[in-house]
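Have a look at entry-v1.csv; it's CSV, C-alpha atoms:
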chain,number,residue,atom,x,y,z
A,223,MET,CA,-4.4,32.6,-8.8
A,224,GLU,CA,-4.7,31.7,-12.5
A,225,VAL,CA,-1.8,29.3,-12.1
A,226,ILE,CA,-4.0,27.1,-10.0
A,227,ASN,CA,-6.5,26.8,-12.9
A,228,TYR,CA,-3.9,24.8,-14.8
A,229,PHE,CA,-3.7,22.0,-12.3
A,230,SER,CA,-6.2,19.2,-11.8
A,231,TYR,CA,-6.6,17.0,-8.7
A,232,ASN,CA,-7.0,14.2,-11.2
A,233,SER,CA,-7.0,11.2,-8.8
A,234,VAL,CA,-8.6,12.1,-5.5
A,235,VAL,CA,-7.9,8.9,-3.6
A,236,ILE,CA,-4.3,8.5,-4.8
A,237,LEU,CA,-3.3,12.2,-4.3
A,238,SER,CA,-5.0,12.3,-0.9
A,239,PHE,CA,-3.1,9.2,0.1
A,240,PHE,CA,0.1,10.8,-1.1
A,241,PHE,CA,-0.5,14.1,0.8
A,242,ILE,CA,-1.5,12.3,4.0
A,243,SER,CA,1.6,10.1,3.8
A,244,LEU,CA,3.8,13.1,3.1
A,245,PHE,CA,2.3,14.8,6.2
A,246,ALA,CA,3.0,11.6,8.2
A,247,LEU,CA,6.6,11.5,7.0
A,248,ILE,CA,7.2,15.2,7.9
A,249,LEU,CA,5.6,14.6,11.3
A,250,ASN,CA,7.9,11.6,11.8
A,251,TYR,CA,11.0,13.8,11.2
A,252,ILE,CA,9.6,16.5,13.5
A,253,THR,CA,8.9,14.0,16.3
A,254,LYS,CA,12.1,12.1,15.8
A,255,GLY,CA,10.2,8.9,15.0
A,256,LYS,CA,7.6,9.0,17.8
A,257,SER,CA,4.7,9.6,15.5
A,258,ASN,CA,5.5,6.5,13.5
A,259,ILE,CA,5.6,4.4,16.6
A,260,THR,CA,2.5,5.9,18.0
A,261,LEU,CA,0.3,6.3,14.9
A,262,PHE,CA,1.8,5.1,11.7
A,263,SER,CA,3.1,1.6,12.5
A,264,SER,CA,1.2,-1.6,13.2
A,265,TYR,CA,2.6,-4.1,15.8
A,266,ARG,CA,1.4,-6.5,18.5
A,267,SER,CA,0.2,-4.4,21.4
A,268,ASN,CA,-2.4,-4.2,24.2
A,269,MET,CA,-5.8,-5.2,22.7
A,270,LEU,CA,-7.5,-2.9,25.2
A,271,ASN,CA,-5.8,0.2,23.8
A,272,PRO,CA,-8.1,1.7,21.1
A,273,ILE,CA,-5.1,3.1,19.2
A,274,THR,CA,-4.1,-0.5,18.5
A,275,TYR,CA,-7.1,-0.8,16.1
A,276,VAL,CA,-6.4,2.5,14.5
A,277,ARG,CA,-2.8,1.5,13.7
A,278,LEU,CA,-4.1,-1.6,11.8
A,279,PHE,CA,-5.1,0.9,9.1
A,280,THR,CA,-2.8,3.9,9.6
A,281,HIS,CA,0.5,2.0,9.2
A,282,ILE,CA,0.1,2.5,5.4
A,283,PHE,CA,0.7,6.3,5.9
A,284,GLY,CA,4.0,5.9,7.8
A,285,HIS,CA,7.4,5.6,6.2
A,286,ALA,CA,10.8,5.2,7.7
A,287,ASN,CA,12.5,7.8,5.6
A,288,TRP,CA,12.3,9.8,2.3
A,289,GLY,CA,13.7,6.9,0.3
A,290,HIS,CA,11.1,4.5,1.6
A,291,PHE,CA,8.4,7.0,0.9
A,292,MET,CA,9.7,7.8,-2.6
A,293,ASN,CA,10.0,4.2,-3.6
A,294,ASN,CA,6.4,3.4,-2.7
A,295,PHE,CA,4.9,6.5,-4.1
A,296,LEU,CA,6.7,6.3,-7.5
A,297,TYR,CA,4.7,3.1,-8.1
A,298,ILE,CA,1.5,4.4,-6.4
A,299,LEU,CA,1.5,7.7,-8.5
A,300,LEU,CA,2.3,5.8,-11.6
A,301,ILE,CA,-0.2,3.0,-11.3
A,302,GLY,CA,-2.8,4.4,-8.9
A,303,PRO,CA,-4.7,6.9,-11.1
A,304,MET,CA,-5.3,4.2,-13.8
A,305,VAL,CA,-6.6,1.8,-11.2
A,306,GLU,CA,-8.8,4.5,-9.6
A,307,GLU,CA,-10.2,5.4,-13.0
A,308,LYS,CA,-11.0,1.8,-13.7
A,309,TYR,CA,-12.5,0.7,-10.4
A,310,GLY,CA,-13.7,4.1,-9.0
A,311,SER,CA,-12.7,6.1,-6.0
A,312,ILE,CA,-15.0,4.5,-3.5
A,313,ASN,CA,-14.0,1.0,-4.5
A,314,LEU,CA,-10.3,1.9,-4.3
A,315,ILE,CA,-10.7,3.4,-0.8
A,316,ILE,CA,-12.4,0.1,0.3
A,317,MET,CA,-9.6,-2.0,-1.4
A,318,ILE,CA,-6.9,0.1,0.3
A,319,LEU,CA,-8.6,-0.1,3.7
A,320,VAL,CA,-9.2,-3.9,3.5
A,321,THR,CA,-5.6,-4.5,2.4
A,322,ALA,CA,-4.3,-2.3,5.2
A,323,GLY,CA,-6.5,-4.0,7.8
A,324,VAL,CA,-5.7,-7.5,6.7
A,325,THR,CA,-2.0,-6.8,6.6
A,326,GLY,CA,-2.1,-5.2,10.1
A,327,ILE,CA,-4.2,-8.0,11.6
A,328,ILE,CA,-2.0,-10.8,10.1
A,329,ASN,CA,1.2,-9.0,11.2
A,330,SER,CA,-0.2,-8.6,14.7
A,331,LEU,CA,-1.2,-12.2,14.9
A,332,PHE,CA,1.9,-13.9,13.4
A,333,SER,CA,4.8,-11.6,13.8
A,334,LYS,CA,6.5,-9.6,16.4
A,335,LYS,CA,7.8,-7.0,13.9
A,336,ARG,CA,6.6,-3.5,13.6
A,337,ILE,CA,5.4,-2.7,10.0
A,338,LEU,CA,4.8,0.6,8.3
A,339,GLY,CA,4.6,1.9,4.8
A,340,ALA,CA,2.5,1.5,1.7
A,341,SER,CA,4.3,-1.5,0.1
A,342,GLY,CA,1.3,-3.8,0.5
A,343,ILE,CA,-0.8,-1.2,-1.3
A,344,VAL,CA,1.8,-1.0,-4.0
A,345,PHE,CA,1.6,-4.7,-4.6
A,346,MET,CA,-2.2,-4.6,-4.6
A,347,LEU,CA,-2.1,-1.9,-7.2
A,348,ILE,CA,0.5,-3.7,-9.3
A,349,ILE,CA,-1.7,-6.8,-9.5
A,350,LEU,CA,-4.9,-4.8,-10.0
A,351,SER,CA,-3.3,-2.9,-12.9
A,352,SER,CA,-2.9,-6.2,-14.8
A,353,PHE,CA,-6.7,-6.6,-14.6
A,354,VAL,CA,-7.5,-3.2,-16.2
A,355,ASN,CA,-7.7,-4.4,-19.8
A,356,ILE,CA,-8.9,-8.0,-19.1
A,357,GLU,CA,-11.2,-9.7,-21.5
A,358,SER,CA,-13.9,-12.1,-20.3
A,359,GLY,CA,-12.6,-15.6,-19.9
A,360,LYS,CA,-9.0,-14.8,-20.7
A,361,ILE,CA,-6.0,-14.6,-18.4
A,362,PRO,CA,-3.8,-11.6,-19.2
A,363,ILE,CA,-0.1,-12.6,-19.9
A,364,THR,CA,0.8,-9.4,-18.0
A,365,LEU,CA,-0.8,-10.9,-14.9
A,366,ILE,CA,1.3,-14.0,-15.2
A,367,LEU,CA,4.5,-12.0,-15.8
A,368,ILE,CA,3.8,-9.7,-12.8
A,369,CYS,CA,3.2,-12.7,-10.6
A,370,ILE,CA,6.4,-14.3,-11.8
A,371,PHE,CA,8.5,-11.1,-11.3
A,372,TYR,CA,7.0,-9.6,-8.2
A,373,VAL,CA,5.3,-12.3,-6.3
A,374,VAL,CA,7.8,-15.1,-6.8
A,375,ASN,CA,10.6,-12.6,-6.0
A,376,GLU,CA,8.9,-11.7,-2.7
A,377,ILE,CA,8.5,-15.3,-1.7
A,378,ILE,CA,12.2,-16.0,-2.4
A,379,GLN,CA,13.2,-12.8,-0.7
A,380,GLY,CA,11.0,-13.6,2.3
A,381,ILE,CA,12.6,-17.1,2.7
A,382,PHE,CA,16.2,-16.3,2.0
A,383,LYS,CA,16.8,-12.7,2.8
A,384,LYS,CA,16.9,-11.4,6.4
A,385,ASP,CA,16.0,-7.7,6.4
A,386,ASP,CA,13.5,-5.2,7.8
A,387,VAL,CA,11.2,-5.5,4.7
A,388,SER,CA,7.8,-6.9,5.3
A,389,HIS,CA,7.7,-9.5,2.5
A,390,MET,CA,4.5,-10.9,4.1
A,391,GLY,CA,2.9,-7.4,3.7
A,392,HIS,CA,3.9,-7.4,0.0
A,393,LEU,CA,2.4,-10.9,-0.5
A,394,ILE,CA,-0.8,-10.0,1.3
A,395,GLY,CA,-1.1,-6.9,-0.9
A,396,ALA,CA,-0.6,-9.0,-4.0
A,397,VAL,CA,-3.2,-11.6,-2.8
A,398,CYS,CA,-5.7,-8.8,-2.0
A,399,GLY,CA,-5.1,-7.2,-5.5
A,400,PHE,CA,-5.7,-10.6,-7.1
A,401,ILE,CA,-8.9,-11.2,-5.2
A,402,PHE,CA,-10.2,-7.7,-5.8
A,403,GLY,CA,-9.3,-7.8,-9.5
A,404,TYR,CA,-10.9,-11.2,-10.0
A,405,PHE,CA,-14.1,-10.5,-8.1
A,406,ILE,CA,-14.7,-6.8,-8.9
A,407,PHE,CA,-14.0,-7.2,-12.6
Show this structure as structure tokens.
Amino acid sequence: MEVINYFSYNSVVILSFFFISLFALILNYITKGKSNITLFSSYRSNMLNPITYVRLFTHIFGHANWGHFMNNFLYILLIGPMVEEKYGSINLIIMILVTAGVTGIINSLFSKKRILGASGIVFMLIILSSFVNIESGKIPITLILICIFYVVNEIIQGIFKKDDVSHMGHLIGAVCGFIFGYFIF
């Protein structure tokens, strides 16, 4: 039991998000994709079905496969603890839920695609991370560079590349991150 004393659950929200998503991924493999369709994807469906509203938020836990999960959580585990320390756990939970909800609602209203994954949260965290060391009245150059590299790339990819990636979800995450960073700072 002494080995446990050497570990610290240092970022409660981010680590909990990781473990819930890992559980969802394992469940997806066990159910051969049915759990993702039922619980961990957001898509246009019957508005009288209560699970439709749950999926607006739970889609961030679902991932198509290990590669999809790993790509999102490499960024989340790298950036998330710093953002959680800066803004606090409660604020981060609120930001994650708002970003998930807005992404789910906009996708349901304007797209027929099924979305899943934490990519929108990744983009929110990327933008928020550039606000961590902001000085009053000054625009961080890192924010400008992040917008150029990530946001402009997503716009270009969304227009010209036809794939299963929710570029709209990425952009919504980036916009939410910018709004949270600007107004919470």
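The coordinates place atom CA of Phe332 of chain A at 13.1 Å from atom CA of His389 of chain A.
Here atom CA of Gly403 of chain A and atom CA of Val354 of chain A stand 8.3 Å from one another.
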| query | If you count all atoms listed in the file, which residues fall within 12 Å of segment 287-291 of chain A, apart from same-chain ones fewer than 2 positions away, as number ranges by chain? | reply | A: 239-251, 254-255, 258, 282-285, 293-299, 338-341, 344, 386-387
| said: To one decimal place in Å, what is the distance between atom CA of Asn355 of chain A and atom CA of Gly310 of chain A? | reply: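 If I compute the distance from atom CA of Asn355 of chain A to atom CA of Gly310 of chain A, I get 15.0 Å.
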| task | Would you please work out which residue, of A:Ile377, A:Gly302, A:Pro272, A:Ser263, is nearest to Val234 of chain A when using only C-alpha atoms? | result | A:Gly302
| field | Nearest to Ile343 of chain A, chosen from A:Gly326, A:Val373, A:Lys360, A:Gly395, with only C-alpha atoms counted in the distances | value |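 So, comparing all the options, the nearest one is A:Gly395.
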Please complete segment 295-318 of chain A with N, CA and C atoms and give it back as a JSON list (two decimals), in the coordinates of the input.
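Everything below was put into rebuild22.json:
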[["chain", "number", "residue", "atom", "x", "y", "z"],
["A", 295, "PHE", "N", 5.79, 5.63, -3.41],
["A", 295, "PHE", "CA", 4.90, 6.50, -4.10],
["A", 295, "PHE", "C", 5.26, 6.72, -5.60],
["A", 296, "LEU", "N", 6.45, 6.34, -6.02],
["A", 296, "LEU", "CA", 6.70, 6.30, -7.50],
["A", 296, "LEU", "C", 5.78, 5.32, -8.13],
["A", 297, "TYR", "N", 5.62, 4.15, -7.53],
["A", 297, "TYR", "CA", 4.70, 3.10, -8.10],
["A", 297, "TYR", "C", 3.24, 3.58, -7.89],
["A", 298, "ILE", "N", 2.90, 4.07, -6.71],
["A", 298, "ILE", "CA", 1.50, 4.40, -6.40],
["A", 298, "ILE", "C", 1.05, 5.56, -7.38],
["A", 299, "LEU", "N", 1.88, 6.58, -7.57],
["A", 299, "LEU", "CA", 1.50, 7.70, -8.50],
["A", 299, "LEU", "C", 1.49, 7.28, -9.92],
["A", 300, "LEU", "N", 2.27, 6.28, -10.27],
["A", 300, "LEU", "CA", 2.30, 5.80, -11.60],
["A", 300, "LEU", "C", 1.09, 4.91, -11.95],
["A", 301, "ILE", "N", 0.79, 3.97, -11.07],
["A", 301, "ILE", "CA", -0.20, 3.00, -11.30],
["A", 301, "ILE", "C", -1.61, 3.38, -10.76],
["A", 302, "GLY", "N", -1.60, 4.05, -9.62],
["A", 302, "GLY", "CA", -2.80, 4.40, -8.90],
["A", 302, "GLY", "C", -3.91, 5.08, -9.67],
["A", 303, "PRO", "N", -3.59, 6.17, -10.39],
["A", 303, "PRO", "CA", -4.70, 6.90, -11.10],
["A", 303, "PRO", "C", -5.39, 6.00, -12.14],
["A", 304, "MET", "N", -4.66, 5.13, -12.81],
["A", 304, "MET", "CA", -5.30, 4.20, -13.80],
["A", 304, "MET", "C", -6.22, 3.25, -13.07],
["A", 305, "VAL", "N", -5.80, 2.71, -11.93],
["A", 305, "VAL", "CA", -6.60, 1.80, -11.20],
["A", 305, "VAL", "C", -7.84, 2.52, -10.60],
["A", 306, "GLU", "N", -7.64, 3.74, -10.11],
["A", 306, "GLU", "CA", -8.80, 4.50, -9.60],
["A", 306, "GLU", "C", -9.78, 4.83, -10.66],
["A", 307, "GLU", "N", -9.32, 5.14, -11.85],
["A", 307, "GLU", "CA", -10.20, 5.40, -13.00],
["A", 307, "GLU", "C", -11.03, 4.16, -13.33],
["A", 308, "LYS", "N", -10.37, 3.01, -13.33],
["A", 308, "LYS", "CA", -11.00, 1.80, -13.70],
["A", 308, "LYS", "C", -12.06, 1.31, -12.68],
["A", 309, "TYR", "N", -11.68, 1.31, -11.40],
["A", 309, "TYR", "CA", -12.50, 0.70, -10.40],
["A", 309, "TYR", "C", -13.36, 1.76, -9.60],
["A", 310, "GLY", "N", -13.02, 3.04, -9.71],
["A", 310, "GLY", "CA", -13.70, 4.10, -9.00],
["A", 310, "GLY", "C", -13.10, 4.40, -7.66],
["A", 311, "SER", "N", -13.31, 5.63, -7.22],
["A", 311, "SER", "CA", -12.70, 6.10, -6.00],
["A", 311, "SER", "C", -13.16, 5.37, -4.76],
["A", 312, "ILE", "N", -14.45, 5.16, -4.64],
["A", 312, "ILE", "CA", -15.00, 4.50, -3.50],
["A", 312, "ILE", "C", -14.46, 3.05, -3.38],
["A", 313, "ASN", "N", -14.50, 2.33, -4.49],
["A", 313, "ASN", "CA", -14.00, 1.00, -4.50],
["A", 313, "ASN", "C", -12.48, 0.93, -4.14],
["A", 314, "LEU", "N", -11.72, 1.91, -4.64],
["A", 314, "LEU", "CA", -10.30, 1.90, -4.30],
["A", 314, "LEU", "C", -10.07, 2.22, -2.84],
["A", 315, "ILE", "N", -10.84, 3.11, -2.26],
["A", 315, "ILE", "CA", -10.70, 3.40, -0.80],
["A", 315, "ILE", "C", -10.99, 2.07, -0.04],
["A", 316, "ILE", "N", -12.04, 1.36, -0.42],
["A", 316, "ILE", "CA", -12.40, 0.10, 0.30],
["A", 316, "ILE", "C", -11.24, -0.91, 0.10],
["A", 317, "MET", "N", -10.69, -1.02, -1.12],
["A", 317, "MET", "CA", -9.60, -2.00, -1.40],
["A", 317, "MET", "C", -8.36, -1.61, -0.54],
["A", 318, "ILE", "N", -8.05, -0.33, -0.46],
["A", 318, "ILE", "CA", -6.90, 0.10, 0.30],
["A", 318, "ILE", "C", -7.11, -0.20, 1.80]]
